[in-house]
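The next block is upload-v5.pdb, given as PDB, C-alpha atoms, pLDDT in the B column.
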ATOM      1  CA  GLN A  30      -9.465  20.673   4.600  1.00 88.00           C
ATOM      2  CA  VAL A  31      -7.084  18.423   6.520  1.00 94.00           C
ATOM      3  CA  GLN A  32      -3.433  19.136   7.228  1.00 96.00           C
ATOM      4  CA  LEU A  33      -0.812  16.553   8.183  1.00 97.00           C
ATOM      5  CA  VAL A  34       2.553  17.216   9.796  1.00 96.00           C
ATOM      6  CA  GLU A  35       5.167  14.480  10.165  1.00 96.00           C
ATOM      7  CA  SER A  36       8.107  14.341  12.550  1.00 96.00           C
ATOM      8  CA  GLY A  37      10.735  11.876  13.718  1.00 96.00           C
ATOM      9  CA  GLY A  38      12.738  11.120  10.607  1.00 94.00           C
ATOM     10  CA  GLY A  39      16.515  11.003  10.573  1.00 97.00           C
ATOM     11  CA  SER A  40      19.540   8.822  10.002  1.00 98.00           C
ATOM     12  CA  VAL A  41      20.132   5.470  11.643  1.00 98.00           C
ATOM     13  CA  GLN A  42      22.404   2.487  11.201  1.00 98.00           C
ATOM     14  CA  PRO A  43      21.101  -0.854   9.941  1.00 98.00           C
ATOM     15  CA  GLY A  44      19.365  -2.729  12.725  1.00 98.00           C
ATOM     16  CA  GLY A  45      18.411   0.485  14.471  1.00 98.00           C
ATOM     17  CA  SER A  46      15.010   1.938  15.303  1.00 98.00           C
ATOM     18  CA  LEU A  47      13.096   5.139  14.673  1.00 98.00           C
ATOM     19  CA  ARG A  48       9.635   6.371  15.593  1.00 98.00           C
ATOM     20  CA  LEU A  49       7.661   8.602  13.273  1.00 98.00           C
ATOM     21  CA  SER A  50       4.754  10.753  14.398  1.00 98.00           C
ATOM     22  CA  CYS A  51       2.033  12.508  12.453  1.00 98.00           C
ATOM     23  CA  ALA A  52      -0.472  15.066  13.626  1.00 97.00           C
ATOM     24  CA  ALA A  53      -3.678  15.732  11.718  1.00 97.00           C
ATOM     25  CA  SER A  54      -5.553  19.006  12.022  1.00 95.00           C
ATOM     26  CA  GLY A  55      -8.701  20.445  10.531  1.00 94.00           C
ATOM     27  CA  SER A  56     -12.360  19.623  10.883  1.00 89.00           C
ATOM     28  CA  ILE A  57     -12.165  15.877  11.458  1.00 90.00           C
ATOM     29  CA  VAL A  58     -15.391  14.521  12.889  1.00 88.00           C
ATOM     30  CA  LYS A  59     -16.033  11.371  10.849  1.00 92.00           C
ATOM     31  CA  ASP A  60     -14.206   8.069  10.620  1.00 93.00           C
ATOM     32  CA  TYR A  61     -10.902   8.003   8.805  1.00 95.00           C
ATOM     33  CA  VAL A  62      -7.969   5.807   7.903  1.00 97.00           C
ATOM     34  CA  MET A  63      -4.511   7.164   8.676  1.00 97.00           C
ATOM     35  CA  GLY A  64      -1.233   5.682   7.656  1.00 98.00           C
ATOM     36  CA  TRP A  65       2.142   5.933   6.016  1.00 98.00           C
ATOM     37  CA  ASP A  66       3.418   5.579   2.489  1.00 98.00           C
ATOM     38  CA  ARG A  67       7.014   5.884   1.386  1.00 98.00           C
ATOM     39  CA  LEU A  68       8.893   6.886  -1.722  1.00 98.00           C
ATOM     40  CA  ALA A  69      12.392   5.588  -2.240  1.00 95.00           C
ATOM     41  CA  PRO A  70      14.846   6.801  -4.880  1.00 88.00           C
ATOM     42  CA  GLY A  71      14.092   5.146  -8.212  1.00 90.00           C
ATOM     43  CA  LYS A  72      10.975   3.402  -6.912  1.00 93.00           C
ATOM     44  CA  GLY A  73       7.262   4.035  -6.892  1.00 94.00           C
ATOM     45  CA  SER A  74       5.145   4.933  -3.899  1.00 95.00           C
ATOM     46  CA  GLU A  75       4.731   2.030  -1.499  1.00 97.00           C
ATOM     47  CA  LEU A  76       2.233   1.331   1.273  1.00 97.00           C
ATOM     48  CA  VAL A  77       3.921   1.062   4.655  1.00 98.00           C
ATOM     49  CA  ALA A  78       0.991   0.760   7.056  1.00 98.00           C
ATOM     50  CA  LYS A  79      -2.548   1.951   7.687  1.00 98.00           C
ATOM     51  CA  ILE A  80      -4.859   2.024  10.690  1.00 98.00           C
ATOM     52  CA  THR A  81      -8.531   2.800  11.170  1.00 96.00           C
ATOM     53  CA  ARG A  82      -9.652   5.524  13.526  1.00 95.00           C
ATOM     54  CA  ASN A  83     -10.767   3.056  16.186  1.00 93.00           C
ATOM     55  CA  GLY A  84      -7.513   1.153  15.854  1.00 90.00           C
ATOM     56  CA  MET A  85      -9.292  -2.116  15.194  1.00 90.00           C
ATOM     57  CA  ILE A  86      -7.924  -2.695  11.696  1.00 93.00           C
ATOM     58  CA  THR A  87      -4.322  -2.380  10.577  1.00 94.00           C
ATOM     59  CA  ASN A  88      -2.682  -3.181   7.279  1.00 96.00           C
ATOM     60  CA  TYR A  89       1.034  -3.461   6.499  1.00 98.00           C
ATOM     61  CA  GLY A  90       3.083  -3.592   3.358  1.00 97.00           C
ATOM     62  CA  ASP A  91       4.858  -6.917   2.862  1.00 97.00           C
ATOM     63  CA  ALA A  92       8.294  -5.311   3.112  1.00 97.00           C
ATOM     64  CA  VAL A  93       7.738  -4.089   6.679  1.00 98.00           C
ATOM     65  CA  LYS A  94       5.600  -6.811   8.261  1.00 97.00           C
ATOM     66  CA  GLY A  95       7.066  -7.980  11.540  1.00 97.00           C
ATOM     67  CA  ARG A  96       9.394  -4.979  11.832  1.00 98.00           C
ATOM     68  CA  PHE A  97       7.133  -1.921  11.829  1.00 98.00           C
ATOM     69  CA  THR A  98       4.154  -1.212  14.069  1.00 98.00           C
ATOM     70  CA  ILE A  99       1.503   1.436  13.465  1.00 98.00           C
ATOM     71  CA  SER A 100      -0.581   2.900  16.259  1.00 97.00           C
ATOM     72  CA  GLY A 101      -2.953   5.791  16.653  1.00 96.00           C
ATOM     73  CA  ASP A 102      -4.459   8.198  19.142  1.00 95.00           C
ATOM     74  CA  SER A 103      -7.866   9.216  17.847  1.00 92.00           C
ATOM     75  CA  ALA A 104      -8.415  11.786  20.589  1.00 93.00           C
ATOM     76  CA  GLN A 105      -5.264  13.634  19.548  1.00 94.00           C
ATOM     77  CA  LYS A 106      -5.659  12.732  15.864  1.00 95.00           C
ATOM     78  CA  MET A 107      -2.172  11.318  15.849  1.00 97.00           C
ATOM     79  CA  VAL A 108      -0.631   8.305  14.178  1.00 97.00           C
ATOM     80  CA  TYR A 109       2.713   6.738  14.963  1.00 98.00           C
ATOM     81  CA  LEU A 110       5.042   4.365  13.175  1.00 98.00           C
ATOM     82  CA  GLN A 111       7.534   2.397  15.240  1.00 98.00           C
ATOM     83  CA  MET A 112      10.244   1.109  12.923  1.00 98.00           C
ATOM     84  CA  ASN A 113      12.573  -1.594  14.211  1.00 98.00           C
ATOM     85  CA  ASP A 114      15.364  -3.594  12.588  1.00 98.00           C
ATOM     86  CA  LEU A 115      15.731  -0.956   9.909  1.00 98.00           C
ATOM     87  CA  LYS A 116      17.436  -1.933   6.674  1.00 98.00           C
ATOM     88  CA  PRO A 117      19.135   0.159   3.984  1.00 97.00           C
ATOM     89  CA  GLU A 118      16.190  -0.576   1.681  1.00 96.00           C
ATOM     90  CA  ASP A 119      13.932   1.243   4.135  1.00 97.00           C
ATOM     91  CA  THR A 120      15.626   4.502   3.121  1.00 97.00           C
ATOM     92  CA  ALA A 121      12.876   6.733   1.746  1.00 98.00           C
ATOM     93  CA  VAL A 122      10.747   9.782   2.306  1.00 98.00           C
ATOM     94  CA  TYR A 123       7.889   8.717   4.544  1.00 98.00           C
ATOM     95  CA  TYR A 124       4.558  10.447   4.040  1.00 98.00           C
ATOM     96  CA  CYS A 125       1.692  10.534   6.479  1.00 98.00           C
ATOM     97  CA  THR A 126      -1.649   9.935   4.807  1.00 98.00           C
ATOM     98  CA  ILE A 127      -5.282  10.210   5.775  1.00 97.00           C
ATOM     99  CA  TYR A 128      -8.350   9.075   3.877  1.00 96.00           C
ATOM    100  CA  TYR A 129     -11.176  11.266   5.105  1.00 95.00           C
ATOM    101  CA  ASP A 130     -14.617  12.030   3.718  1.00 93.00           C
ATOM    102  CA  GLY A 131     -13.736  10.608   0.316  1.00 94.00           C
ATOM    103  CA  VAL A 132     -10.466  12.490  -0.067  1.00 95.00           C
ATOM    104  CA  ASN A 133      -6.859  11.327   0.256  1.00 96.00           C
ATOM    105  CA  TYR A 134      -4.483  13.780   1.938  1.00 96.00           C
ATOM    106  CA  ARG A 135      -0.721  13.540   2.297  1.00 97.00           C
ATOM    107  CA  GLY A 136       1.821  15.387   4.410  1.00 97.00           C
ATOM    108  CA  LYS A 137       5.065  16.905   3.170  1.00 97.00           C
ATOM    109  CA  GLY A 138       7.082  13.895   4.240  1.00 97.00           C
ATOM    110  CA  THR A 139      10.031  13.124   6.486  1.00 97.00           C
ATOM    111  CA  LEU A 140      13.283  11.552   5.321  1.00 98.00           C
ATOM    112  CA  VAL A 141      14.525   8.300   6.823  1.00 98.00           C
ATOM    113  CA  THR A 142      18.054   7.237   5.923  1.00 98.00           C
ATOM    114  CA  VAL A 143      19.415   3.841   6.919  1.00 98.00           C
ATOM    115  CA  SER A 144      23.132   3.568   6.311  1.00 97.00           C
ATOM    116  CA  SER A 145      26.294   2.378   7.979  1.00 95.00           C
TER     117      SER A 145
END

Let's see the structure in the file written out as structure tokens.
Amino acid sequence: QVQLVESGGGSVQPGGSLRLSCAASGSIVKDYVMGWDRLAPGKGSELVAKITRNGMITNYGDAVKGRFTISGDSAQKMVYLQMNDLKPEDTAVYYCTIYYDGVNYRGKGTLVTVSS
């Protein structure tokens, strides 16, 4: 069983920045892919970014390319999301995800609100 705990959400004005963090715990000994999805009001779940355990491969959703950066610390089993130039349409609950040993896990989420 894997647990994920997110932190770093909050409110920010358009053009501002936030950094999300996620800590994974449990028996994690194999390779994994960690990342972030988001769920905005009235919309479906959307990929934000993913990163492999060794950090060699990253993948971003089209809406955040060039503005968000994902990074990871495999020793600490952490993943981070640096969000710059935030826009009102980035307002959503952001969920940390991990694909491990054939199972997808998701955290409880952290709310990001972008508003003037």

Extract, using all atoms listed in the file, all DNA, RNA and protein residues at most 8 Å from Gln32 of chain A, discarding same-chain residues fewer than 4 positions from it, and format them as a count of residues only. 6

Using the chain letters and numbering of this document, enumerate as a list in words the residues selected by the PyMOL selection byres ((chain A and resi 115) around 10). Val41, Gln42, Pro43, Gly44, Gly45, Ser46, Leu47, Val93, Arg96, Phe97, Met112, Asn113, Asp114, Lys116, Pro117, Glu118, Asp119, Thr120, Val141, Thr142, Val143 and Ser144 of chain A

Evaluate the PyMOL selection byres ((chain A and resi 107) around 9) and record the selected residues as number ranges by chain, following the chain and residue labels used in the document. A: 50-53, 63, 100-106, 108-109

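Shortest separation to Lys59 of chain A among A:Ser145, A:Arg82, A:Cys125, A:Glu35 occurs at residue A:Arg82, atoms counted being all atoms listed in the file.
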
Could you tell me how far atom CA of Tyr129 of chain A sits from atom CA of Ala69 of chain A, in Å to one decimal place? 25.3 Å

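For the atom pair formed by atom CA of Tyr128 of chain A and atom CA of Gly95 of chain A, the distance is 24.2 Å, given to one decimal.
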